[in-house]
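**Student:** Sharing start-v1.csv, CSV, C-alpha atoms and all ligand atoms:
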```
chain,number,residue,atom,x,y,z
A,96,MET,CA,44.6,19.0,-4.3
A,97,THR,CA,46.8,17.2,-1.8
A,98,THR,CA,49.6,14.8,-2.6
A,99,VAL,CA,49.5,11.6,-0.5
A,100,LYS,CA,51.4,8.3,-0.5
A,101,ALA,CA,49.9,5.2,-2.0
A,102,PHE,CA,50.6,1.8,-3.5
A,103,ALA,CA,49.4,1.5,-7.1
A,104,SER,CA,49.3,-1.0,-9.9
A,105,PRO,CA,51.0,0.5,-13.0
A,106,SER,CA,49.4,-2.0,-15.4
A,107,ALA,CA,47.5,-5.2,-15.5
A,108,THR,CA,50.7,-7.2,-15.5
A,109,ASP,CA,53.2,-5.3,-13.3
A,110,ASP,CA,53.6,-5.6,-9.5
A,111,LEU,CA,52.2,-2.8,-7.4
A,112,VAL,CA,54.7,0.0,-6.6
A,113,ALA,CA,55.0,2.8,-4.1
A,114,THR,CA,53.8,6.1,-5.6
A,115,THR,CA,52.0,9.3,-4.7
A,116,ILE,CA,48.5,10.4,-5.8
A,117,GLU,CA,46.3,13.5,-5.6
A,118,ARG,CA,43.3,13.7,-3.3
A,119,ARG,CA,40.7,16.4,-3.9
A,120,GLU,CA,40.3,19.4,-1.6
A,121,VAL,CA,37.8,18.7,1.2
A,122,GLY,CA,34.5,20.0,-0.1
A,123,ALA,CA,31.5,21.1,2.0
A,124,ASN,CA,30.2,17.6,2.3
A,125,ASP,CA,33.5,15.8,2.4
A,126,VAL,CA,35.4,14.0,5.2
A,127,LEU,CA,39.2,13.6,5.1
A,128,ILE,CA,40.3,10.3,6.6
A,129,ASP,CA,43.7,9.5,7.8
A,130,ILE,CA,43.8,5.8,6.7
A,131,LYS,CA,45.3,3.5,9.4
A,132,PHE,CA,44.5,0.1,7.8
A,133,ALA,CA,43.4,-1.2,4.4
A,134,GLY,CA,42.3,-4.8,3.8
A,135,ILE,CA,43.3,-6.8,0.8
A,136,CYS,CA,40.2,-8.2,-0.9
A,137,HIS,CA,40.3,-10.8,-3.7
A,138,SER,CA,38.4,-8.2,-5.8
A,139,ASP,CA,41.4,-5.9,-5.6
A,140,ILE,CA,43.5,-8.6,-7.4
A,141,HIS,CA,40.8,-9.3,-10.0
A,142,THR,CA,40.4,-5.6,-10.7
A,143,VAL,CA,44.1,-4.6,-11.0
A,144,LYS,CA,44.7,-7.6,-13.3
A,145,GLY,CA,41.9,-6.5,-15.6
A,146,ASP,CA,39.9,-9.8,-15.0
A,147,TRP,CA,36.7,-7.8,-14.7
A,148,GLY,CA,37.4,-5.4,-17.6
A,149,PRO,CA,40.0,-2.9,-18.7
A,150,GLN,CA,41.2,-0.3,-16.1
A,151,GLN,CA,42.9,3.0,-16.1
A,152,TYR,CA,46.3,2.9,-14.6
A,153,PRO,CA,48.0,3.6,-12.3
A,154,LEU,CA,45.3,2.2,-10.1
A,155,VAL,CA,45.2,2.2,-6.3
A,156,PRO,CA,43.0,-0.6,-5.0
A,157,GLY,CA,41.5,-1.1,-1.5
A,158,HIS,CA,37.9,-0.9,-0.4
A,159,GLU,CA,38.3,-2.1,3.2
A,160,ILE,CA,39.3,1.2,4.8
A,161,ALA,CA,39.6,2.0,8.5
A,162,GLY,CA,41.0,5.3,9.8
A,163,ILE,CA,40.5,8.5,11.7
A,164,VAL,CA,38.7,11.7,10.6
A,165,THR,CA,41.2,14.6,10.4
A,166,GLU,CA,39.1,17.2,8.6
A,167,VAL,CA,35.4,17.7,7.8
A,168,GLY,CA,33.7,20.1,5.3
A,169,SER,CA,31.5,22.9,6.5
A,170,ASP,CA,28.2,21.0,5.9
A,171,VAL,CA,29.3,17.8,7.7
A,172,THR,CA,27.4,17.1,10.9
A,173,ASN,CA,27.5,13.3,11.1
A,174,HIS,CA,31.2,13.0,11.5
A,175,ALA,CA,33.8,14.9,13.5
A,176,VAL,CA,37.6,15.2,13.7
A,177,GLY,CA,38.9,12.3,15.7
A,178,ASP,CA,36.1,9.9,14.9
A,179,ARG,CA,37.0,6.3,14.0
A,180,VAL,CA,35.5,5.6,10.6
A,181,GLY,CA,35.4,3.2,7.7
A,182,VAL,CA,34.8,3.3,4.0
A,183,GLY,CA,33.8,0.2,2.0
A,184,CYS,CA,33.2,-0.7,-1.6
A,185,MET,CA,31.4,2.5,-2.8
A,186,VAL,CA,31.9,6.2,-2.3
A,187,ASN,CA,28.8,7.6,-3.9
A,188,SER,CA,25.6,6.8,-5.9
A,189,CYS,CA,22.8,8.7,-7.7
A,190,ARG,CA,20.8,9.1,-4.5
A,191,GLU,CA,17.6,9.5,-6.5
A,192,CYS,CA,16.7,6.1,-7.9
A,193,VAL,CA,14.2,3.8,-6.1
A,194,ASN,CA,17.1,1.6,-4.7
A,195,CYS,CA,19.1,4.6,-3.4
A,196,LEU,CA,16.0,6.0,-1.8
A,197,ALA,CA,15.4,2.6,-0.2
A,198,GLY,CA,18.9,2.8,1.4
A,199,GLU,CA,20.2,0.1,-1.0
A,200,GLU,CA,22.8,2.3,-2.7
A,201,GLN,CA,24.9,-0.7,-3.7
A,202,TYR,CA,22.1,-1.5,-6.2
A,203,CYS,CA,21.8,2.1,-7.5
A,204,LEU,CA,20.1,1.8,-10.9
A,205,LYS,CA,22.7,4.2,-12.4
A,206,GLY,CA,25.5,2.1,-10.8
A,207,ASN,CA,27.2,2.9,-7.5
A,208,ILE,CA,30.5,4.7,-7.7
A,209,GLY,CA,33.2,2.2,-6.6
A,210,THR,CA,35.9,3.2,-4.1
A,211,TYR,CA,38.5,2.6,-6.8
A,212,GLY,CA,38.7,2.4,-10.6
A,213,ALA,CA,35.3,4.1,-11.0
A,214,VAL,CA,34.5,7.5,-12.6
A,215,ASP,CA,33.7,9.9,-9.8
A,216,ARG,CA,31.2,12.8,-10.2
A,217,ASP,CA,34.0,15.2,-11.0
A,218,GLY,CA,35.1,12.9,-13.9
A,219,THR,CA,38.3,11.7,-12.1
A,220,ILE,CA,39.0,8.0,-11.5
A,221,THR,CA,38.5,7.0,-7.9
A,222,GLN,CA,41.6,5.7,-6.0
A,223,GLY,CA,41.2,3.3,-3.1
A,224,GLY,CA,42.6,2.6,0.3
A,225,TYR,CA,46.2,1.5,-0.2
A,226,SER,CA,47.0,5.1,0.7
A,227,THR,CA,47.6,7.3,3.7
A,228,HIS,CA,44.5,9.5,3.2
A,229,VAL,CA,41.2,9.6,1.3
A,230,VAL,CA,38.5,12.2,0.8
A,231,VAL,CA,35.0,10.8,0.8
A,232,ASP,CA,31.5,12.2,0.8
A,233,LYS,CA,30.1,12.2,4.4
A,234,ASP,CA,27.1,9.9,3.5
A,235,PHE,CA,29.4,7.1,2.4
A,236,VAL,CA,31.5,7.1,5.6
A,237,VAL,CA,30.5,4.8,8.5
A,238,ARG,CA,31.3,4.9,12.1
A,239,ILE,CA,33.5,2.2,13.6
A,240,PRO,CA,32.4,1.7,17.2
A,241,GLU,CA,34.7,1.5,20.2
A,242,GLY,CA,35.4,-2.1,21.0
A,243,ILE,CA,36.7,-3.1,17.5
A,244,ASP,CA,40.3,-2.4,16.7
A,245,LEU,CA,40.8,-0.7,13.4
A,246,ASP,CA,43.0,-3.5,11.9
A,247,VAL,CA,40.3,-6.2,12.5
A,248,ALA,CA,37.6,-3.7,11.6
A,249,ALA,CA,38.9,-2.9,8.1
A,250,PRO,CA,37.8,-6.2,6.5
A,251,LEU,CA,34.3,-5.8,7.8
A,252,LEU,CA,33.8,-3.0,5.3
A,253,CYS,CA,33.7,-5.5,2.4
A,254,ALA,CA,33.9,-9.1,3.7
A,255,GLY,CA,31.8,-8.3,6.7
A,256,ILE,CA,28.9,-6.6,5.0
A,257,THR,CA,29.0,-8.9,2.0
A,258,THR,CA,28.1,-11.8,4.3
A,259,PHE,CA,26.1,-9.9,6.9
A,260,SER,CA,23.6,-8.6,4.4
A,261,PRO,CA,22.4,-11.9,3.0
A,262,LEU,CA,22.4,-13.5,6.5
A,263,ASN,CA,20.3,-10.6,7.7
A,264,HIS,CA,18.0,-10.5,4.6
A,265,TRP,CA,17.3,-14.2,4.6
A,266,GLY,CA,16.7,-14.3,8.4
A,267,ALA,CA,19.7,-16.3,9.8
A,268,GLY,CA,19.1,-16.7,13.5
A,269,GLU,CA,17.8,-18.9,16.3
A,270,GLY,CA,16.4,-22.2,14.9
A,271,LYS,CA,17.9,-21.7,11.4
A,272,LYS,CA,20.5,-24.0,9.9
A,273,VAL,CA,23.0,-22.0,7.8
A,274,ALA,CA,25.8,-23.5,5.7
A,275,VAL,CA,28.8,-21.5,4.5
A,276,VAL,CA,30.5,-22.8,1.4
A,277,GLY,CA,34.2,-22.0,1.5
A,278,LEU,CA,36.2,-20.8,4.5
A,279,GLY,CA,38.3,-17.9,3.2
A,280,GLY,CA,38.1,-14.1,3.7
A,281,LEU,CA,34.3,-14.0,3.1
A,282,GLY,CA,33.5,-17.4,4.6
A,283,HIS,CA,35.2,-16.9,7.9
A,284,MET,CA,33.2,-13.7,8.4
A,285,ALA,CA,30.0,-15.5,7.4
A,286,VAL,CA,30.7,-18.2,10.1
A,287,LYS,CA,31.3,-15.6,12.8
A,288,ILE,CA,28.3,-13.5,12.0
A,289,ALA,CA,25.9,-16.3,11.4
A,290,ALA,CA,26.9,-17.9,14.7
A,291,ALA,CA,26.5,-14.6,16.5
A,292,MET,CA,23.0,-14.3,15.0
A,293,GLY,CA,22.2,-17.5,16.8
A,294,ALA,CA,22.1,-19.8,13.7
A,295,GLU,CA,23.4,-23.4,13.7
A,296,VAL,CA,26.4,-23.1,11.4
A,297,THR,CA,27.9,-25.7,9.1
A,298,VAL,CA,31.0,-25.2,7.0
A,299,LEU,CA,31.2,-26.9,3.6
A,300,SER,CA,34.8,-26.8,2.5
A,301,GLN,CA,36.7,-28.8,-0.1
A,302,SER,CA,38.8,-30.6,2.6
A,303,LEU,CA,39.0,-30.8,6.4
A,304,LYS,CA,42.2,-28.7,6.5
A,305,LYS,CA,40.7,-25.8,8.2
A,306,GLN,CA,38.2,-27.7,10.4
A,307,GLU,CA,39.7,-26.6,13.7
A,308,ASP,CA,39.5,-23.0,12.6
A,309,GLY,CA,35.9,-23.3,11.4
A,310,LEU,CA,34.8,-24.8,14.8
A,311,ARG,CA,36.8,-22.1,16.7
A,312,LEU,CA,35.1,-19.4,14.7
A,313,GLY,CA,31.7,-20.6,15.7
A,314,ALA,CA,30.6,-23.4,13.3
A,315,GLN,CA,29.1,-26.5,14.9
A,316,HIS,CA,29.7,-28.8,12.0
A,317,TYR,CA,32.3,-29.1,9.3
A,318,TYR,CA,32.1,-31.3,6.2
A,319,ALA,CA,34.4,-31.9,3.2
A,320,THR,CA,32.7,-31.4,-0.1
A,321,SER,CA,35.3,-33.6,-1.8
A,322,GLU,CA,33.6,-36.6,0.0
A,323,PRO,CA,30.5,-37.6,-2.0
A,324,GLU,CA,28.7,-38.9,1.1
A,325,THR,CA,28.6,-35.3,2.4
A,326,PHE,CA,25.9,-34.5,-0.2
A,327,GLU,CA,23.9,-37.6,0.7
A,328,ARG,CA,24.1,-37.1,4.4
A,329,LEU,CA,23.1,-33.4,4.3
A,330,ALA,CA,20.4,-33.6,1.7
A,331,GLY,CA,17.4,-31.3,2.6
A,332,SER,CA,19.2,-29.9,5.7
A,333,PHE,CA,19.7,-26.1,5.4
A,334,ASN,CA,17.5,-23.1,5.5
A,335,LEU,CA,20.2,-20.9,4.0
A,336,ILE,CA,23.5,-21.6,2.2
A,337,ILE,CA,25.9,-18.7,1.6
A,338,ASN,CA,28.2,-19.6,-1.2
A,339,THR,CA,31.4,-17.5,-0.9
A,340,VAL,CA,33.4,-19.5,-3.5
A,341,SER,CA,34.0,-17.5,-6.7
A,342,ALA,CA,35.1,-20.6,-8.6
A,343,SER,CA,32.4,-22.6,-10.5
A,344,ILE,CA,30.7,-25.2,-8.2
A,345,ASP,CA,27.9,-27.7,-9.0
A,346,ILE,CA,25.0,-25.4,-7.9
A,347,SER,CA,22.4,-28.1,-8.5
A,348,ALA,CA,24.2,-30.4,-6.0
A,349,TYR,CA,24.2,-27.7,-3.4
A,350,LEU,CA,20.6,-26.8,-4.0
A,351,GLN,CA,19.7,-30.4,-3.0
A,352,LEU,CA,21.1,-29.6,0.5
A,353,LEU,CA,18.4,-27.0,1.1
A,354,ALA,CA,15.3,-27.7,3.2
A,355,LEU,CA,11.8,-26.6,2.0
A,356,ASP,CA,11.9,-22.9,1.0
A,357,GLY,CA,15.6,-22.8,1.5
A,358,ALA,CA,17.8,-20.3,-0.4
A,359,LEU,CA,21.3,-20.7,-1.8
A,360,VAL,CA,22.8,-17.2,-2.1
A,361,ASN,CA,25.9,-16.5,-4.1
A,362,VAL,CA,28.2,-13.7,-2.9
A,363,GLY,CA,31.2,-14.9,-4.9
A,364,ALA,CA,31.1,-14.1,-8.6
A,365,PRO,CA,32.5,-16.7,-11.0
A,366,ALA,CA,33.4,-15.4,-14.4
A,367,GLU,CA,31.5,-18.2,-16.2
A,368,PRO,CA,27.7,-18.8,-16.1
A,369,LEU,CA,26.5,-21.3,-13.5
A,370,PRO,CA,24.1,-24.0,-14.9
A,371,VAL,CA,21.2,-24.8,-12.6
A,372,ASN,CA,18.9,-27.9,-12.9
A,373,ALA,CA,15.3,-26.6,-12.5
A,374,PHE,CA,14.3,-29.8,-10.7
A,375,ALA,CA,16.7,-28.9,-7.9
A,376,LEU,CA,14.7,-25.7,-7.4
A,377,ILE,CA,11.1,-26.8,-7.9
A,378,GLY,CA,11.6,-30.0,-5.8
A,379,GLY,CA,11.6,-28.0,-2.6
A,380,ARG,CA,10.4,-24.5,-3.5
A,381,ARG,CA,14.0,-23.5,-3.3
A,382,SER,CA,15.6,-20.2,-4.4
A,383,PHE,CA,18.9,-19.5,-6.0
A,384,ALA,CA,19.9,-15.9,-5.3
A,385,GLY,CA,22.7,-13.4,-5.2
A,386,SER,CA,23.7,-10.6,-3.0
A,387,MET,CA,26.2,-7.8,-3.3
A,388,ILE,CA,27.8,-5.9,-0.3
A,389,GLY,CA,25.1,-3.9,1.5
A,390,GLY,CA,23.7,-0.3,1.8
A,391,ILE,CA,25.3,2.3,4.0
A,392,ARG,CA,22.6,2.0,6.7
A,393,GLU,CA,23.0,-1.8,6.8
A,394,THR,CA,26.8,-1.4,6.8
A,395,GLN,CA,26.5,0.7,10.0
A,396,GLU,CA,24.1,-1.9,11.4
A,397,MET,CA,26.7,-4.6,10.7
A,398,LEU,CA,29.5,-2.6,12.4
A,399,ASP,CA,27.3,-2.0,15.5
A,400,PHE,CA,26.4,-5.7,15.5
A,401,CYS,CA,30.0,-6.8,15.2
A,402,ALA,CA,31.0,-4.4,18.1
A,403,ALA,CA,28.2,-5.7,20.3
A,404,HIS,CA,29.3,-9.3,19.6
A,405,LYS,CA,33.1,-8.5,19.7
A,406,ILE,CA,33.5,-9.7,16.2
A,407,GLY,CA,36.4,-8.6,14.0
A,408,ALA,CA,38.1,-10.3,11.1
A,409,GLU,CA,41.0,-12.7,11.6
A,410,VAL,CA,43.9,-10.7,10.1
A,411,GLU,CA,47.5,-10.8,9.2
A,412,VAL,CA,48.8,-7.3,9.3
A,413,ILE,CA,51.5,-6.6,6.7
A,414,SER,CA,53.8,-3.7,5.7
A,415,ALA,CA,53.3,-2.2,2.3
A,416,ASP,CA,56.4,-3.9,0.8
A,417,LYS,CA,54.7,-7.2,1.3
A,418,ILE,CA,51.6,-6.4,-0.8
A,419,ASN,CA,52.7,-8.2,-3.9
A,420,GLU,CA,53.7,-11.3,-1.9
A,421,ALA,CA,50.3,-11.1,-0.2
A,422,TYR,CA,48.6,-11.1,-3.6
A,423,GLU,CA,50.4,-14.3,-4.5
A,424,ARG,CA,49.3,-15.8,-1.2
A,425,VAL,CA,45.7,-14.8,-1.6
A,426,LEU,CA,45.6,-16.5,-5.0
A,427,ALA,CA,47.1,-19.6,-3.4
A,428,SER,CA,44.5,-19.4,-0.5
A,429,ASP,CA,47.4,-19.1,1.9
A,430,VAL,CA,46.0,-16.6,4.4
A,431,ARG,CA,44.0,-17.0,7.6
A,432,TYR,CA,41.9,-15.1,6.8
A,433,ARG,CA,42.6,-11.5,5.6
A,434,PHE,CA,45.7,-9.5,4.9
A,435,VAL,CA,45.5,-5.9,6.2
A,436,ILE,CA,48.0,-3.3,5.2
A,437,ASP,CA,49.4,-1.1,7.9
A,438,THR,CA,49.3,2.2,6.0
A,439,ALA,CA,52.0,3.8,8.2
A,440,THR,CA,54.5,1.7,6.2
A,441,LEU,CA,53.5,3.2,2.8
A,501,ZN,ZN,36.0,-6.6,-1.5
A,502,ZN,ZN,20.7,5.4,-7.4
```
Starting from the coordinates I provided, produce the structure as structure tokens.
Ligand SMILES: [Zn+2]
Ligand SMILES: [Zn+2]
**Tutor:**
Amino acid sequence: MTTVKAFASPSATDDLVATTIERREVGANDVLIDIKFAGICHSDIHTVKGDWGPQQYPLVPGHEIAGIVTEVGSDVTNHAVGDRVGVGCMVNSCRECVNCLAGEEQYCLKGNIGTYGAVDRDGTITQGGYSTHVVVDKDFVVRIPEGIDLDVAAPLLCAGITTFSPLNHWGAGEGKKVAVVGLGGLGHMAVKIAAAMGAEVTVLSQSLKKQEDGLRLGAQHYYATSEPETFERLAGSFNLIINTVSASIDISAYLQLLALDGALVNVGAPAEPLPVNAFALIGGRRSFAGSMIGGIRETQEMLDFCAAHKIGAEVEVISADKINEAYERVLASDVRYRFVIDTATL
């Protein structure tokens, strides 16, 4: 065991505090990563506050990890000391079920092992990226290509893959009209990636407050959903809508914006069930779907795509003592568009 610095949540109600945690010894299949940057995802906040179920504390969140390999186990051939690497939302899976064998480890039938707050194979609770070092199985570590700085790469490991995967799966590209609902951490990545794929991108946001940003990030159109005429004007328009909003929205109203065979894909996860009017689906052979992060192979594909298109997240790099303030600002939607912790300040 090695003792390393970290920032942890002591309970569901306390602020996060500086602390130390133990990392396991580097096993034959493990990679030791010197973490340089860790993104702050909205999921971190939900998890530490217990919104998604009870947790064991202290809990170190963080599943947008970018760093440098400093040690590899004896059986590791796919990573070497000095490599620039990332770790996203999962650190292991069963590797035997049909979904794991298909390379979709995020949908492991036994449940993937989350990067933090999950029971690891050795029975310990996983601790995430708000830390100086992490030990991860080699198969759940991805390569960050040259050409993307590590600070803007970190958020790609969750926000990037969460939006890339449905855009990829539902064929966003030339000749396709894609709408992105919500321009936050996920939404801004969806806009950048969909535009780079060649799609015609529209942002649907509550107000026009971030319109300039949306257009700068690659959207051609920007509409306020608070204006009822938006829904009339855009009826039947889109091949694909990516809903990044985790609050409850009127799904049936958004389904009406889909063209024939269009799909509305939820990547946000509201706590409450979302009612759907079946007529909104059958009246255009439409689909209402969901998508969760991406597999390891697709995560690598996403990073290679982002490097080729010079895409990183828009980030505000903070020191560790600003984490609690950053949480408040994320909850107030006061960040453009992702906080990233400089782990040298831990
Ligand atoms: Zn996340
Ligand atoms: Zn599995």
**Student:** Nearest to Ala248 (chain A): which of A:Ala364, A:Ala403, A:Ile160, A:Val231 is it, counting all atoms listed in the file?
**Tutor:**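 Between A:Ala364, A:Ala403, A:Ile160, A:Val231, the residue approaching Ala248 (chain A) most closely is A:Ile160.
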**Student:** Fewer than 2 positions away in the same chain doesn't count, so skip those; otherwise give me all residues within 8 Å of Val412 (chain A), counting all atoms listed in the file, as a VMD selection string.
**Tutor:** chain A and resid 246 410 414 434 to 437
**Student:** Kindly provide the residues of chain A that approach ligand ZN 501 (chain A) to within 6 Å, each paired with its closest atom pair and their distance in Å to one decimal, based on only C-alpha atoms and all ligand atoms, listed by chain and increasing number, as CSV.
**Tutor:**
```
residue,atom,partner,partner_atom,distance
A:Cys136,CA,A:ZN501,ZN,4.5
A:Ser138,CA,A:ZN501,ZN,5.2
A:Cys253,CA,A:ZN501,ZN,4.7
```
**Student:** May I ask you to write as a list in words all residues lying at most 10 Å from ligand ZN 502 (chain A), with all atoms listed in the file counted?
**Tutor:** Asn187, Ser188, Cys189, Arg190, Glu191, Cys192, Val193, Asn194, Cys195, Leu196, Ala197, Gly198, Glu199, Glu200, Gln201, Tyr202, Cys203, Leu204, Lys205, Gly206, Asn207 and Ile208 of chain A
**Student:** Fewer than 2 positions away in the same chain doesn't count, so skip those; otherwise give me all residues within 7 Å of region 113-117 of chain A, counting all atoms listed in the file, as a VMD selection string.
**Tutor:** chain A and resid 96 to 103 119
**Student:** Using all atoms listed in the file, which of A:Gly168, A:Gly148, A:Pro153, A:Gly293 sits nearest Ile128 (chain A)?
**Tutor:**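 For Ile128 (chain A), the nearest of the candidates is A:Gly168.
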**Student:** Rank nothing, just name the residue among A:Ala366, A:Ile406, A:Leu278, A:Leu350 nearest to Ser382 (chain A), using only C-alpha atoms.
**Tutor:**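 The answer is A:Leu350, which sits nearest to Ser382 (chain A).
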